[in-house]
Every structure is written in C-alpha cells, then in structure tokens.
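The file work-v3.tsv contains TSV, C-alpha atoms:
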```
chain	number	residue	atom	x	y	z
A	1	MET	CA	0.00	0.00	0.00
A	2	LEU	CA	1.33	3.43	-0.92
A	3	ALA	CA	0.99	6.81	0.73
A	4	ARG	CA	-1.28	8.14	-2.03
A	5	ASP	CA	-3.74	5.31	-1.38
A	6	ILE	CA	-4.45	6.38	2.17
A	7	ALA	CA	-3.76	10.12	2.19
A	8	GLN	CA	-6.60	11.88	4.01
A	9	GLU	CA	-7.94	15.28	3.13
A	10	PHE	CA	-6.58	17.96	5.44
A	11	PRO	CA	-7.19	21.71	5.51
A	12	ALA	CA	-4.39	23.69	3.91
A	13	VAL	CA	-3.80	27.41	3.57
A	14	ASP	CA	-1.15	29.30	1.74
A	15	VAL	CA	1.22	31.90	3.07
A	16	ASP	CA	-0.99	34.70	1.71
A	17	THR	CA	-4.22	33.43	3.27
A	18	GLU	CA	-5.75	35.96	5.68
A	19	ALA	CA	-4.93	35.22	9.31
A	20	LEU	CA	-8.59	35.42	10.28
A	21	THR	CA	-9.49	32.79	7.67
A	22	ALA	CA	-6.82	30.48	9.06
A	23	ALA	CA	-8.05	31.04	12.63
A	24	ARG	CA	-11.63	30.22	11.61
A	25	LEU	CA	-10.47	27.07	9.80
A	26	LEU	CA	-8.59	25.87	12.89
A	27	ALA	CA	-11.58	26.65	15.08
A	28	SER	CA	-14.24	25.05	12.90
A	29	HIS	CA	-12.28	21.81	12.34
A	30	ASP	CA	-10.90	21.72	15.91
A	31	LEU	CA	-7.39	21.17	14.53
A	32	PRO	CA	-4.03	21.43	16.28
A	33	GLY	CA	-2.59	23.02	13.13
A	34	LEU	CA	-2.94	23.69	9.43
A	35	VAL	CA	-0.73	22.66	6.54
A	36	VAL	CA	0.78	25.72	4.85
A	37	LEU	CA	1.52	25.61	1.13
A	38	ASP	CA	4.03	27.80	-0.66
A	39	SER	CA	3.12	29.70	-3.80
A	40	ASN	CA	3.71	26.53	-5.87
A	41	GLY	CA	1.17	24.54	-3.86
A	42	THR	CA	3.90	22.52	-2.13
A	43	PRO	CA	3.54	21.90	1.63
A	44	THR	CA	6.15	23.93	3.42
A	45	ALA	CA	5.21	24.19	7.10
A	46	VAL	CA	2.60	23.58	9.74
A	47	LEU	CA	0.91	26.56	11.36
A	48	PRO	CA	0.22	25.42	14.93
A	49	ALA	CA	-3.00	26.70	16.50
A	50	ALA	CA	-0.91	27.78	19.48
A	51	ASP	CA	0.99	30.19	17.24
A	52	VAL	CA	-2.25	31.89	16.27
A	53	LEU	CA	-3.03	32.35	19.96
A	54	ARG	CA	0.47	33.77	20.42
A	55	VAL	CA	-0.34	36.64	18.08
A	56	VAL	CA	-3.53	37.63	19.86
A	57	ILE	CA	-2.26	37.48	23.44
A	58	PRO	CA	-0.41	40.52	24.77
A	59	ASP	CA	3.32	39.92	25.23
A	60	TYR	CA	3.28	40.74	28.94
A	61	ILE	CA	0.75	37.97	29.57
A	62	GLN	CA	2.74	35.46	27.52
A	63	ASP	CA	5.78	36.33	29.58
A	64	ASP	CA	3.86	35.76	32.80
A	65	PRO	CA	0.61	33.82	32.30
A	66	SER	CA	-0.34	34.36	35.96
A	67	LEU	CA	-0.99	38.02	35.07
A	68	ALA	CA	-3.97	36.78	33.05
A	69	ARG	CA	-5.70	36.30	36.37
A	70	VAL	CA	-5.99	40.05	36.85
A	71	VAL	CA	-6.99	40.87	33.30
A	72	ASN	CA	-10.44	40.60	31.88
A	73	GLU	CA	-10.88	38.07	29.12
A	74	ILE	CA	-9.73	39.31	25.76
A	75	ALA	CA	-12.75	40.36	23.77
A	76	ALA	CA	-13.51	38.83	20.41
A	77	ASP	CA	-13.29	42.20	18.71
A	78	GLN	CA	-9.78	42.67	20.05
A	79	ILE	CA	-8.75	39.31	18.60
A	80	MET	CA	-10.32	40.16	15.26
A	81	HIS	CA	-8.43	43.42	15.37
A	82	GLU	CA	-5.12	41.62	15.96
A	83	LEU	CA	-5.75	39.19	13.11
A	84	ARG	CA	-7.10	41.66	10.58
A	85	ASP	CA	-4.57	42.81	8.00
A	86	ARG	CA	-2.28	39.91	8.83
A	87	THR	CA	-1.64	36.84	6.70
A	88	VAL	CA	-0.53	33.32	7.52
A	89	ARG	CA	3.01	34.45	6.66
A	90	ASP	CA	2.86	36.83	9.64
A	91	LEU	CA	1.73	34.05	11.99
A	92	LEU	CA	4.44	31.54	11.12
A	93	PRO	CA	7.35	31.43	13.54
A	94	GLU	CA	10.59	32.89	12.22
A	95	SER	CA	12.11	29.46	11.79
A	96	PRO	CA	9.18	27.09	11.27
A	97	GLY	CA	10.21	23.51	11.91
A	98	GLY	CA	9.46	22.44	8.39
A	99	LEU	CA	7.00	19.73	7.52
A	100	PRO	CA	7.70	16.04	7.06
A	101	VAL	CA	6.78	15.27	3.48
A	102	ILE	CA	6.63	11.98	1.63
A	103	ASP	CA	5.90	11.18	-1.97
A	104	GLY	CA	2.65	9.59	-3.12
A	105	ASP	CA	4.49	6.42	-4.12
A	106	ASP	CA	6.39	6.07	-0.86
A	107	THR	CA	5.40	3.12	1.29
A	108	LEU	CA	3.50	3.47	4.54
A	109	LEU	CA	6.52	2.10	6.33
A	110	GLU	CA	8.60	5.00	5.02
A	111	GLY	CA	5.95	7.40	6.30
A	112	ALA	CA	5.88	5.67	9.67
A	113	ALA	CA	9.66	5.75	9.98
A	114	LEU	CA	9.73	9.46	9.17
A	115	MET	CA	7.04	10.26	11.75
A	116	ALA	CA	8.85	8.20	14.38
A	117	GLN	CA	12.16	9.88	13.57
A	118	LEU	CA	10.73	13.41	13.65
A	119	ARG	CA	8.15	12.70	16.38
A	120	SER	CA	5.52	14.20	14.09
A	121	PRO	CA	1.85	13.21	14.35
A	122	LEU	CA	1.49	13.42	10.58
A	123	VAL	CA	3.30	13.59	7.26
A	124	ALA	CA	2.14	15.52	4.22
A	125	VAL	CA	1.82	13.56	0.98
A	126	VAL	CA	2.87	15.20	-2.28
A	127	ASP	CA	1.70	13.59	-5.48
A	128	ASN	CA	2.72	14.99	-8.86
A	129	HIS	CA	4.11	18.07	-7.11
A	130	ARG	CA	0.75	18.83	-5.49
A	131	PHE	CA	-0.38	18.48	-1.88
A	132	ALA	CA	-2.48	15.33	-1.76
A	133	GLY	CA	-3.41	15.17	1.93
A	134	VAL	CA	-1.82	13.75	5.04
A	135	VAL	CA	-1.13	10.42	6.67
A	136	THR	CA	-1.45	10.49	10.45
A	137	ALA	CA	0.36	8.27	12.94
A	138	ALA	CA	-3.04	7.29	14.35
A	139	HIS	CA	-4.25	6.19	10.91
A	140	LEU	CA	-1.13	4.07	10.40
A	141	LEU	CA	-1.69	2.41	13.77
A	142	LYS	CA	-5.28	1.72	12.74
A	143	LEU	CA	-4.18	0.07	9.51
A	144	ALA	CA	-1.42	-1.85	11.25
A	145	LEU	CA	-3.73	-3.15	13.97
A	146	GLY	CA	-6.20	-4.28	11.34
A	147	ASP	CA	-9.00	-2.03	12.56
A	148	ALA	CA	-9.31	0.07	9.40
B	1	MET	CA	-15.47	31.82	31.94
B	2	LEU	CA	-13.22	29.31	33.69
B	3	ALA	CA	-11.26	26.33	32.42
B	4	ARG	CA	-13.55	23.84	34.13
B	5	ASP	CA	-16.53	25.27	32.24
B	6	ILE	CA	-15.16	24.37	28.84
B	7	ALA	CA	-12.86	21.37	29.49
B	8	GLN	CA	-13.56	18.72	26.88
B	9	GLU	CA	-13.39	15.02	27.49
B	10	PHE	CA	-10.16	13.53	26.21
B	11	PRO	CA	-8.89	9.95	26.31
B	12	ALA	CA	-6.41	9.31	29.10
B	13	VAL	CA	-4.39	6.28	30.02
B	14	ASP	CA	-2.16	5.64	32.97
B	15	VAL	CA	1.44	4.57	33.00
B	16	ASP	CA	0.45	0.94	33.64
B	17	THR	CA	-2.07	0.74	30.78
B	18	GLU	CA	-1.13	-1.95	28.25
B	19	ALA	CA	0.65	-0.54	25.21
B	20	LEU	CA	-1.73	-2.31	22.85
B	21	THR	CA	-4.72	-0.67	24.56
B	22	ALA	CA	-3.11	2.75	24.16
B	23	ALA	CA	-2.38	2.07	20.48
B	24	ARG	CA	-5.99	1.04	19.85
B	25	LEU	CA	-7.26	4.14	21.64
B	26	LEU	CA	-5.08	6.41	19.48
B	27	ALA	CA	-6.18	4.56	16.35
B	28	SER	CA	-9.90	4.52	17.08
B	29	HIS	CA	-10.07	8.22	18.05
B	30	ASP	CA	-7.59	9.31	15.37
B	31	LEU	CA	-5.64	11.25	17.97
B	32	PRO	CA	-2.15	12.75	17.79
B	33	GLY	CA	-1.55	11.70	21.40
B	34	LEU	CA	-3.03	10.56	24.69
B	35	VAL	CA	-2.93	12.18	28.10
B	36	VAL	CA	-1.02	10.01	30.56
B	37	LEU	CA	-2.00	10.04	34.23
B	38	ASP	CA	0.24	9.08	37.11
B	39	SER	CA	-0.87	6.68	39.80
B	40	ASN	CA	-2.69	9.53	41.58
B	41	GLY	CA	-4.81	10.33	38.52
B	42	THR	CA	-2.86	13.53	37.84
B	43	PRO	CA	-1.92	14.30	34.21
B	44	THR	CA	1.81	13.90	33.88
B	45	ALA	CA	2.69	13.62	30.18
B	46	VAL	CA	1.41	13.23	26.65
B	47	LEU	CA	2.12	10.00	24.81
B	48	PRO	CA	2.49	11.06	21.17
B	49	ALA	CA	1.18	8.61	18.57
B	50	ALA	CA	4.55	8.94	16.82
B	51	ASP	CA	6.25	7.45	19.88
B	52	VAL	CA	4.07	4.36	19.62
B	53	LEU	CA	5.17	3.98	16.00
B	54	ARG	CA	8.75	4.37	17.16
B	55	VAL	CA	8.50	1.22	19.24
B	56	VAL	CA	7.15	-0.93	16.43
B	57	ILE	CA	9.55	0.16	13.69
B	58	PRO	CA	12.97	-1.52	13.56
B	59	ASP	CA	15.82	0.77	14.60
B	60	TYR	CA	17.68	0.42	11.28
B	61	ILE	CA	14.66	1.78	9.41
B	62	GLN	CA	14.24	4.67	11.82
B	63	ASP	CA	17.89	5.51	11.28
B	64	ASP	CA	17.42	5.48	7.51
B	65	PRO	CA	13.76	5.65	6.44
B	66	SER	CA	14.74	5.12	2.79
B	67	LEU	CA	15.54	1.50	3.71
B	68	ALA	CA	11.81	1.02	4.21
B	69	ARG	CA	11.56	0.97	0.44
B	70	VAL	CA	13.27	-2.41	0.28
B	71	VAL	CA	11.43	-3.97	3.20
B	72	ASN	CA	7.99	-5.48	3.07
B	73	GLU	CA	5.34	-3.73	5.10
B	74	ILE	CA	5.42	-4.64	8.76
B	75	ALA	CA	2.72	-7.18	9.44
B	76	ALA	CA	0.04	-6.51	12.02
B	77	ASP	CA	1.08	-9.56	14.01
B	78	GLN	CA	4.63	-8.22	14.27
B	79	ILE	CA	3.29	-4.94	15.64
B	80	MET	CA	1.08	-6.75	18.13
B	81	HIS	CA	4.13	-8.75	19.14
B	82	GLU	CA	6.14	-5.60	19.76
B	83	LEU	CA	3.37	-4.04	21.82
B	84	ARG	CA	2.41	-7.10	23.83
B	85	ASP	CA	3.87	-7.20	27.33
B	86	ARG	CA	4.69	-3.50	27.20
B	87	THR	CA	2.94	-0.74	29.06
B	88	VAL	CA	2.52	2.97	28.41
B	89	ARG	CA	5.48	3.51	30.74
B	90	ASP	CA	7.69	1.66	28.23
B	91	LEU	CA	6.47	3.83	25.34
B	92	LEU	CA	7.11	7.19	26.97
B	93	PRO	CA	10.32	8.90	25.96
B	94	GLU	CA	13.02	8.97	28.63
B	95	SER	CA	12.45	12.65	29.27
B	96	PRO	CA	8.84	13.32	28.29
B	97	GLY	CA	8.25	17.01	27.76
B	98	GLY	CA	5.75	17.24	30.54
B	99	LEU	CA	2.21	18.43	30.05
B	100	PRO	CA	0.87	21.94	30.38
B	101	VAL	CA	-1.66	21.82	33.16
B	102	ILE	CA	-4.06	24.46	34.44
B	103	ASP	CA	-6.46	24.46	37.30
B	104	GLY	CA	-10.21	24.24	36.87
B	105	ASP	CA	-10.65	27.77	38.18
B	106	ASP	CA	-7.97	29.30	35.96
B	107	THR	CA	-9.24	31.67	33.31
B	108	LEU	CA	-9.25	30.81	29.62
B	109	LEU	CA	-6.77	33.61	29.07
B	110	GLU	CA	-4.33	31.87	31.42
B	111	GLY	CA	-4.78	28.67	29.44
B	112	ALA	CA	-4.27	30.53	26.17
B	113	ALA	CA	-1.12	32.21	27.43
B	114	LEU	CA	0.32	28.90	28.58
B	115	MET	CA	-0.40	27.22	25.22
B	116	ALA	CA	1.15	30.14	23.37
B	117	GLN	CA	4.20	30.09	25.61
B	118	LEU	CA	4.75	26.34	25.34
B	119	ARG	CA	3.50	26.05	21.74
B	120	SER	CA	1.17	23.31	22.91
B	121	PRO	CA	-2.08	22.51	21.07
B	122	LEU	CA	-3.80	21.77	24.38
B	123	VAL	CA	-3.65	22.10	28.14
B	124	ALA	CA	-4.91	19.55	30.63
B	125	VAL	CA	-7.38	20.79	33.24
B	126	VAL	CA	-7.13	19.49	36.79
B	127	ASP	CA	-10.09	20.03	39.06
B	128	ASN	CA	-10.02	18.93	42.69
B	129	HIS	CA	-6.79	17.04	41.99
B	130	ARG	CA	-8.42	14.98	39.23
B	131	PHE	CA	-8.01	15.15	35.46
B	132	ALA	CA	-11.07	16.97	34.16
B	133	GLY	CA	-10.37	17.06	30.41
B	134	VAL	CA	-8.51	19.37	28.08
B	135	VAL	CA	-8.84	22.79	26.54
B	136	THR	CA	-7.52	22.98	22.98
B	137	ALA	CA	-6.11	26.03	21.22
B	138	ALA	CA	-8.66	25.48	18.46
B	139	HIS	CA	-11.52	25.53	20.98
B	140	LEU	CA	-10.24	28.77	22.48
B	141	LEU	CA	-10.08	30.34	19.03
B	142	LYS	CA	-13.64	29.19	18.44
B	143	LEU	CA	-14.87	30.82	21.63
B	144	ALA	CA	-12.85	33.96	20.97
B	145	LEU	CA	-14.19	34.30	17.43
B	146	GLY	CA	-17.71	33.90	18.69
B	147	ASP	CA	-18.39	30.75	16.69
B	148	ALA	CA	-18.93	28.41	19.60
```
Would you write the structure of this file as structure tokens?
Amino acid sequence: MLARDIAQEFPAVDVDTEALTAARLLASHDLPGLVVLDSNGTPTAVLPAADVLRVVIPDYIQDDPSLARVVNEIAADQIMHELRDRTVRDLLPESPGGLPVIDGDDTLLEGAALMAQLRSPLVAVVDNHRFAGVVTAAHLLKLALGDA
Amino acid sequence: MLARDIAQEFPAVDVDTEALTAARLLASHDLPGLVVLDSNGTPTAVLPAADVLRVVIPDYIQDDPSLARVVNEIAADQIMHELRDRTVRDLLPESPGGLPVIDGDDTLLEGAALMAQLRSPLVAVVDNHRFAGVVTAAHLLKLALGDA
C-alpha cells in the first residue's frame, strides 16, 4: 500500500491566506494546526493553532501567564483586530520547523519511519508536485492493527 | 469563563495501561496523542502517537527511512508482538516534555497564554486534583471568534 492510497484530506492554507481565515479554519475543524503551502502549492510548514493564539495574546501575559488572572478576558473584537490585516506568513514562527513530506508512491513504512524519527503526528503527501493530503500516525496504527 | 466550564473530554491512560490498549485508543479516536495520568490520577505527560510507531519500527529503518523501500510492510502480528507485554510507561520517551496543566478555576486567558508560551495545542485541566479534560487552542479560538 502506498501513501497516495491512504492520504486523508486535510485543511491547507497558503502563506498569503488571511490570518482570520486560518483562525476560523482551525476553530471550525478543531485542529491542532494547518498545513501551509508555498506559492507553488507545495507543503512547506505547519501553522500550529498555538501560534495563532500567540499573536492575539499581549506579550506581557505570555511572559507571565499568571498576570492573566488580573486581566479581563480578551474580547472577540480585540482578537479580530489583531488578526485583521495579517496573513498566515505573519503568523508563522521565524524558523518554522518544516514539515515532514513523503511522496505519493512512498510506502506506509517510510511514512511511519519518518514520523517516528521526527516525532511528528502526521506527514504531508505530495503527489505529482501537489499536496495530496496527510497520513497520520493514528491512521497508520489503525491500519497496522487491522482495525481500518 | 473558567477552564472547568469548557474542558472537553479527552482519552487518558495511565502509566500501567497496556501498550496495545493505548495504540488502539489512538487509532480509534484518530488522535495525535493521549494524556497520561500518574498513579494519583494527575496528568503527567502526553504520549504522542509517533512514539508508539517508534517502538514498532525496527531501529535500522528509523535511522534510515529510505531502507523502508526495500522492506515489506510490517505485518500486524509483528506490531502486536512488539506491543504485547509492554505498558505505556515503556512507550514514553526517557524525558517526556511534561504536560501543560491548568487548574479548573484558571481563566481561559491563562490557558491561552500557557499554550502560546509552550506552543502546545492543548492544556490539561485538573479540578479537585483529578483530570477533568482538556482545553484545545482550536476551541479557544472558536470561543474567541464567537463561533462556539
């Protein structure tokens, strides 16, 4: 069985996608992160949901989360304000970790080995130079245990 | 709004849970990881799905994933064999990163700040010394954007 045979659809954005769109996508799919594509449609990074939070939380609270106790909750309109006029490019960390990528005709064992090596919960699958979805560690375990 | 008000149920195992049970739980819920509780029921670590894969993939393939190309897929019975007689304790990395934990009466802003600081997709909520579920970054974004 090859990676392309089991790649699952997964929300992707590109570096020019509006930050608010990315935040809504994370929220509506309850995802820990989004795949980010470069301008050629090739997966290039993961945007972790935590990094979106980072942008909307004042620095002094990030430095000392206990200060949050004395601050009122951040209002939705303040968050919208922080995200407006920004793109996914602005949300990515300065040195994003990169994204484990395998080819559509790689074997599942290659994907599993890469995830184990990088301690990544998923790998992106590229087929004919296009993003074709992801394979998750959980899905591989399911296949391996014969529960799929 | 306090952490206990929005904590979501999340699968947890303890350090003595059988490895095969943990693998099946990850597979059936399609999760990137499980919360691990210590013998007092307090969240102590996350077991990433990738670390379960690590145990079932031969070392020489982890060292050089391209070798997977010349190896047949690992059979389910081999994986079961590797997992049998092991517990979650055996699957945890030697120095697990620890788990961001907040108290049930912490504010959501405190949870958000902690996730942003630690770049974690979730925090565990402990209420009255017991694991009460998790708050995810995606869920916080959903609440903040007014979509919940």
Find the residues with any atom within 10 Å of (6.4, 2.7, 28.0); use only C-alpha atoms and the coordinates as given in the file, and write the answer as a ChimeraX atom specification.
/B:15-19,47,51-52,55,83,86-94
Please return the superposed copy of chain B as a short mmCIF file (atom, residue, chain, number, x, y, z; two decimals) with C-alpha atoms, keeping the file's coordinate frame; the fit should be least squares onto chain A across all sequentially paired Cα atoms.
```cif
data_model
loop_
_atom_site.label_atom_id
_atom_site.label_comp_id
_atom_site.auth_asym_id
_atom_site.auth_seq_id
_atom_site.Cartn_x
_atom_site.Cartn_y
_atom_site.Cartn_z
CA MET B 1 -0.01 -0.02 0.01
CA LEU B 2 1.32 3.41 -0.93
CA ALA B 3 0.98 6.81 0.71
CA ARG B 4 -1.28 8.13 -2.03
CA ASP B 5 -3.74 5.30 -1.38
CA ILE B 6 -4.46 6.36 2.17
CA ALA B 7 -3.76 10.13 2.20
CA GLN B 8 -6.59 11.87 4.01
CA GLU B 9 -7.91 15.28 3.14
CA PHE B 10 -6.57 17.94 5.46
CA PRO B 11 -7.18 21.69 5.51
CA ALA B 12 -4.38 23.69 3.92
CA VAL B 13 -3.81 27.39 3.59
CA ASP B 14 -1.14 29.29 1.76
CA VAL B 15 1.22 31.90 3.08
CA ASP B 16 -0.98 34.71 1.72
CA THR B 17 -4.22 33.42 3.27
CA GLU B 18 -5.75 35.96 5.67
CA ALA B 19 -4.93 35.22 9.30
CA LEU B 20 -8.58 35.43 10.28
CA THR B 21 -9.49 32.79 7.69
CA ALA B 22 -6.81 30.48 9.06
CA ALA B 23 -8.04 31.02 12.63
CA ARG B 24 -11.62 30.21 11.62
CA LEU B 25 -10.47 27.08 9.81
CA LEU B 26 -8.58 25.85 12.89
CA ALA B 27 -11.57 26.65 15.09
CA SER B 28 -14.23 25.05 12.91
CA HIS B 29 -12.27 21.81 12.34
CA ASP B 30 -10.90 21.71 15.90
CA LEU B 31 -7.41 21.17 14.54
CA PRO B 32 -4.04 21.43 16.28
CA GLY B 33 -2.58 23.01 13.14
CA LEU B 34 -2.93 23.68 9.43
CA VAL B 35 -0.72 22.66 6.54
CA VAL B 36 0.79 25.71 4.86
CA LEU B 37 1.52 25.62 1.14
CA ASP B 38 4.02 27.80 -0.66
CA SER B 39 3.13 29.69 -3.81
CA ASN B 40 3.73 26.52 -5.87
CA GLY B 41 1.18 24.52 -3.87
CA THR B 42 3.92 22.53 -2.12
CA PRO B 43 3.54 21.90 1.63
CA THR B 44 6.16 23.93 3.41
CA ALA B 45 5.22 24.20 7.09
CA VAL B 46 2.60 23.58 9.74
CA LEU B 47 0.92 26.56 11.36
CA PRO B 48 0.22 25.41 14.92
CA ALA B 49 -3.00 26.70 16.49
CA ALA B 50 -0.90 27.77 19.49
CA ASP B 51 1.00 30.19 17.25
CA VAL B 52 -2.25 31.88 16.27
CA LEU B 53 -3.03 32.35 19.97
CA ARG B 54 0.45 33.77 20.41
CA VAL B 55 -0.35 36.65 18.09
CA VAL B 56 -3.55 37.63 19.87
CA ILE B 57 -2.27 37.49 23.45
CA PRO B 58 -0.40 40.53 24.78
CA ASP B 59 3.33 39.93 25.24
CA TYR B 60 3.28 40.75 28.97
CA ILE B 61 0.76 37.96 29.58
CA GLN B 62 2.74 35.47 27.52
CA ASP B 63 5.79 36.36 29.59
CA ASP B 64 3.87 35.77 32.81
CA PRO B 65 0.63 33.82 32.31
CA SER B 66 -0.33 34.36 35.97
CA LEU B 67 -0.99 38.01 35.08
CA ALA B 68 -3.95 36.77 33.06
CA ARG B 69 -5.70 36.31 36.37
CA VAL B 70 -5.98 40.06 36.86
CA VAL B 71 -6.96 40.89 33.30
CA ASN B 72 -10.42 40.62 31.86
CA GLU B 73 -10.88 38.08 29.12
CA ILE B 74 -9.75 39.30 25.74
CA ALA B 75 -12.77 40.37 23.76
CA ALA B 76 -13.53 38.81 20.39
CA ASP B 77 -13.30 42.19 18.69
CA GLN B 78 -9.78 42.67 20.04
CA ILE B 79 -8.77 39.31 18.60
CA MET B 80 -10.33 40.15 15.25
CA HIS B 81 -8.43 43.42 15.36
CA GLU B 82 -5.14 41.63 15.95
CA LEU B 83 -5.77 39.20 13.11
CA ARG B 84 -7.12 41.67 10.58
CA ASP B 85 -4.59 42.79 7.99
CA ARG B 86 -2.30 39.90 8.83
CA THR B 87 -1.65 36.85 6.71
CA VAL B 88 -0.54 33.32 7.52
CA ARG B 89 3.00 34.45 6.67
CA ASP B 90 2.87 36.84 9.65
CA LEU B 91 1.73 34.06 12.00
CA LEU B 92 4.44 31.56 11.14
CA PRO B 93 7.35 31.43 13.54
CA GLU B 94 10.60 32.89 12.22
CA SER B 95 12.11 29.45 11.79
CA PRO B 96 9.17 27.09 11.28
CA GLY B 97 10.19 23.51 11.91
CA GLY B 98 9.45 22.45 8.39
CA LEU B 99 7.01 19.72 7.52
CA PRO B 100 7.70 16.05 7.04
CA VAL B 101 6.78 15.28 3.48
CA ILE B 102 6.62 11.98 1.61
CA ASP B 103 5.89 11.18 -1.96
CA GLY B 104 2.66 9.60 -3.12
CA ASP B 105 4.47 6.42 -4.12
CA ASP B 106 6.38 6.07 -0.85
CA THR B 107 5.39 3.12 1.28
CA LEU B 108 3.49 3.49 4.54
CA LEU B 109 6.51 2.10 6.34
CA GLU B 110 8.59 5.01 5.02
CA GLY B 111 5.96 7.41 6.30
CA ALA B 112 5.89 5.66 9.67
CA ALA B 113 9.66 5.77 9.98
CA LEU B 114 9.74 9.47 9.18
CA MET B 115 7.03 10.26 11.76
CA ALA B 116 8.84 8.21 14.37
CA GLN B 117 12.14 9.89 13.58
CA LEU B 118 10.74 13.42 13.65
CA ARG B 119 8.15 12.72 16.38
CA SER B 120 5.53 14.19 14.08
CA PRO B 121 1.85 13.21 14.35
CA LEU B 122 1.50 13.42 10.57
CA VAL B 123 3.30 13.59 7.25
CA ALA B 124 2.14 15.52 4.21
CA VAL B 125 1.82 13.56 0.97
CA VAL B 126 2.87 15.20 -2.29
CA ASP B 127 1.70 13.60 -5.50
CA ASN B 128 2.73 14.98 -8.88
CA HIS B 129 4.12 18.06 -7.12
CA ARG B 130 0.77 18.83 -5.50
CA PHE B 131 -0.37 18.48 -1.89
CA ALA B 132 -2.47 15.33 -1.77
CA GLY B 133 -3.40 15.18 1.93
CA VAL B 134 -1.82 13.75 5.04
CA VAL B 135 -1.13 10.42 6.66
CA THR B 136 -1.45 10.49 10.45
CA ALA B 137 0.35 8.26 12.94
CA ALA B 138 -3.04 7.29 14.35
CA HIS B 139 -4.25 6.19 10.90
CA LEU B 140 -1.14 4.08 10.40
CA LEU B 141 -1.69 2.41 13.76
CA LYS B 142 -5.27 1.72 12.73
CA LEU B 143 -4.19 0.05 9.50
CA ALA B 144 -1.42 -1.85 11.25
CA LEU B 145 -3.76 -3.14 13.95
CA GLY B 146 -6.21 -4.28 11.33
CA ASP B 147 -9.01 -2.02 12.54
CA ALA B 148 -9.33 0.10 9.44
#
```
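Residue nearest Ser39 (chain A) within the list A:Val13, A:Ala23, A:Leu122, A:Leu53: A:Val13 [criterion: smallest interatomic distance, all atoms listed in the file].
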Determine, counting all atoms listed in the file, which protein, DNA and RNA residues have an atom within 7 Å of an atom of region 100-103 of chain B; residues of the same chain fewer than 5 positions away are not included. Present the result as a PyMOL selection string.
chain B and resi 111+123-127
List as a PyMOL selection string the protein and nucleic acid residues near Leu145 (chain B), meaning an atom at most 12 Å away when only C-alpha atoms are counted, but skip any in the same chain fewer than 6 places from it.
(chain A and resi 20-28+53+56+74-83) or (chain B and resi 138-139)
Taking into account only C-alpha atoms, which residue in the set B:Asp38, B:Thr44, B:Leu2, B:Ala50 is nearest to Thr136 (chain A)?
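Closest candidate: B:Ala50.
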If we count all atoms listed in the file, what is near Phe131 (chain A) at a cut-off of 10 Å, once residues fewer than 5 positions away on the same chain are taken out, given as a PDB file with C-alpha atoms, in the frame of the given file?
```
ATOM      1  CA  ALA A   7      -3.760  10.120   2.190  1.00  0.00           C
ATOM      2  CA  GLU A   9      -7.940  15.280   3.130  1.00  0.00           C
ATOM      3  CA  PHE A  10      -6.580  17.960   5.440  1.00  0.00           C
ATOM      4  CA  ALA A  12      -4.390  23.690   3.910  1.00  0.00           C
ATOM      5  CA  VAL A  35      -0.730  22.660   6.540  1.00  0.00           C
ATOM      6  CA  VAL A  36       0.780  25.720   4.850  1.00  0.00           C
ATOM      7  CA  LEU A  37       1.520  25.610   1.130  1.00  0.00           C
ATOM      8  CA  ASN A  40       3.710  26.530  -5.870  1.00  0.00           C
ATOM      9  CA  GLY A  41       1.170  24.540  -3.860  1.00  0.00           C
ATOM     10  CA  THR A  42       3.900  22.520  -2.130  1.00  0.00           C
ATOM     11  CA  PRO A  43       3.540  21.900   1.630  1.00  0.00           C
ATOM     12  CA  VAL A 101       6.780  15.270   3.480  1.00  0.00           C
ATOM     13  CA  ASP A 103       5.900  11.180  -1.970  1.00  0.00           C
ATOM     14  CA  GLY A 104       2.650   9.590  -3.120  1.00  0.00           C
ATOM     15  CA  ALA A 124       2.140  15.520   4.220  1.00  0.00           C
ATOM     16  CA  VAL A 125       1.820  13.560   0.980  1.00  0.00           C
ATOM     17  CA  VAL A 126       2.870  15.200  -2.280  1.00  0.00           C
TER      18      VAL A 126
END
```
List the spatial neighbours of region 65-69 of chain A as a short mmCIF file (atom, residue, chain, number, x, y, z; two decimals) with C-alpha atoms, in the frame of the given file - criterion: any atom at most 10 Å away, only C-alpha atoms, same-chain residues fewer than 6 positions off excluded.
```cif
data_model
loop_
_atom_site.label_atom_id
_atom_site.label_comp_id
_atom_site.auth_asym_id
_atom_site.auth_seq_id
_atom_site.Cartn_x
_atom_site.Cartn_y
_atom_site.Cartn_z
CA ILE A 57 -2.26 37.48 23.44
CA PRO A 58 -0.41 40.52 24.77
CA ASP A 59 3.32 39.92 25.23
CA ASP B 106 -7.97 29.30 35.96
CA THR B 107 -9.24 31.67 33.31
CA LEU B 108 -9.25 30.81 29.62
CA LEU B 109 -6.77 33.61 29.07
CA GLU B 110 -4.33 31.87 31.42
CA GLY B 111 -4.78 28.67 29.44
CA ALA B 112 -4.27 30.53 26.17
CA ALA B 113 -1.12 32.21 27.43
CA LEU B 114 0.32 28.90 28.58
CA MET B 115 -0.40 27.22 25.22
CA ALA B 116 1.15 30.14 23.37
CA GLN B 117 4.20 30.09 25.61
#
```
Just give me the gap between CA of Leu118 (chain B) and CA of Pro11 (chain A) in Å, one decimal is fine.
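Computing it gives 23.6 Å between the two atoms.
Closest approach to chain B from the set A:His129, A:Arg4, A:Lys142, A:His29 is made by A:Lys142, with distances taken over all atoms listed in the file.
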Gap from CA of Pro48 (chain B) to CA of Leu34 (chain B) - Å, one decimal
6.6 Å
As JSON, please: the centre and edge lengths in Å, to one decimal, of an axis-aligned box enclosing every listed atom of region 8-22 of chain A with 5 Å added on each side.
```
{"center_x": -4.1, "center_y": 23.9, "center_z": 6.0, "size_x": 20.7, "size_y": 34.1, "size_z": 18.6}
```
CA of Gln62 (chain B) sits from CA of Ala49 (chain A) at a separation of 28.4 Å
Counting all atoms listed in the file, which residue out of B:Arg119, B:Ala132, B:Ala45, B:Tyr60 sits closest to Leu99 (chain B)?
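Of all the options, B:Ala45 lies closest to Leu99 (chain B).
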When distances are computed from only C-alpha atoms, which of A:Leu141, A:Met1, A:Val70, A:Val135 shows the smallest separation from Arg54 (chain B)?
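Between A:Leu141, A:Met1, A:Val70, A:Val135, the residue approaching Arg54 (chain B) most closely is A:Leu141.
Distances here use all atoms listed in the file; by that measure, the residue among A:Asp64, A:Asp85, A:Asp30, A:Asp105 closest to chain B is A:Asp30.
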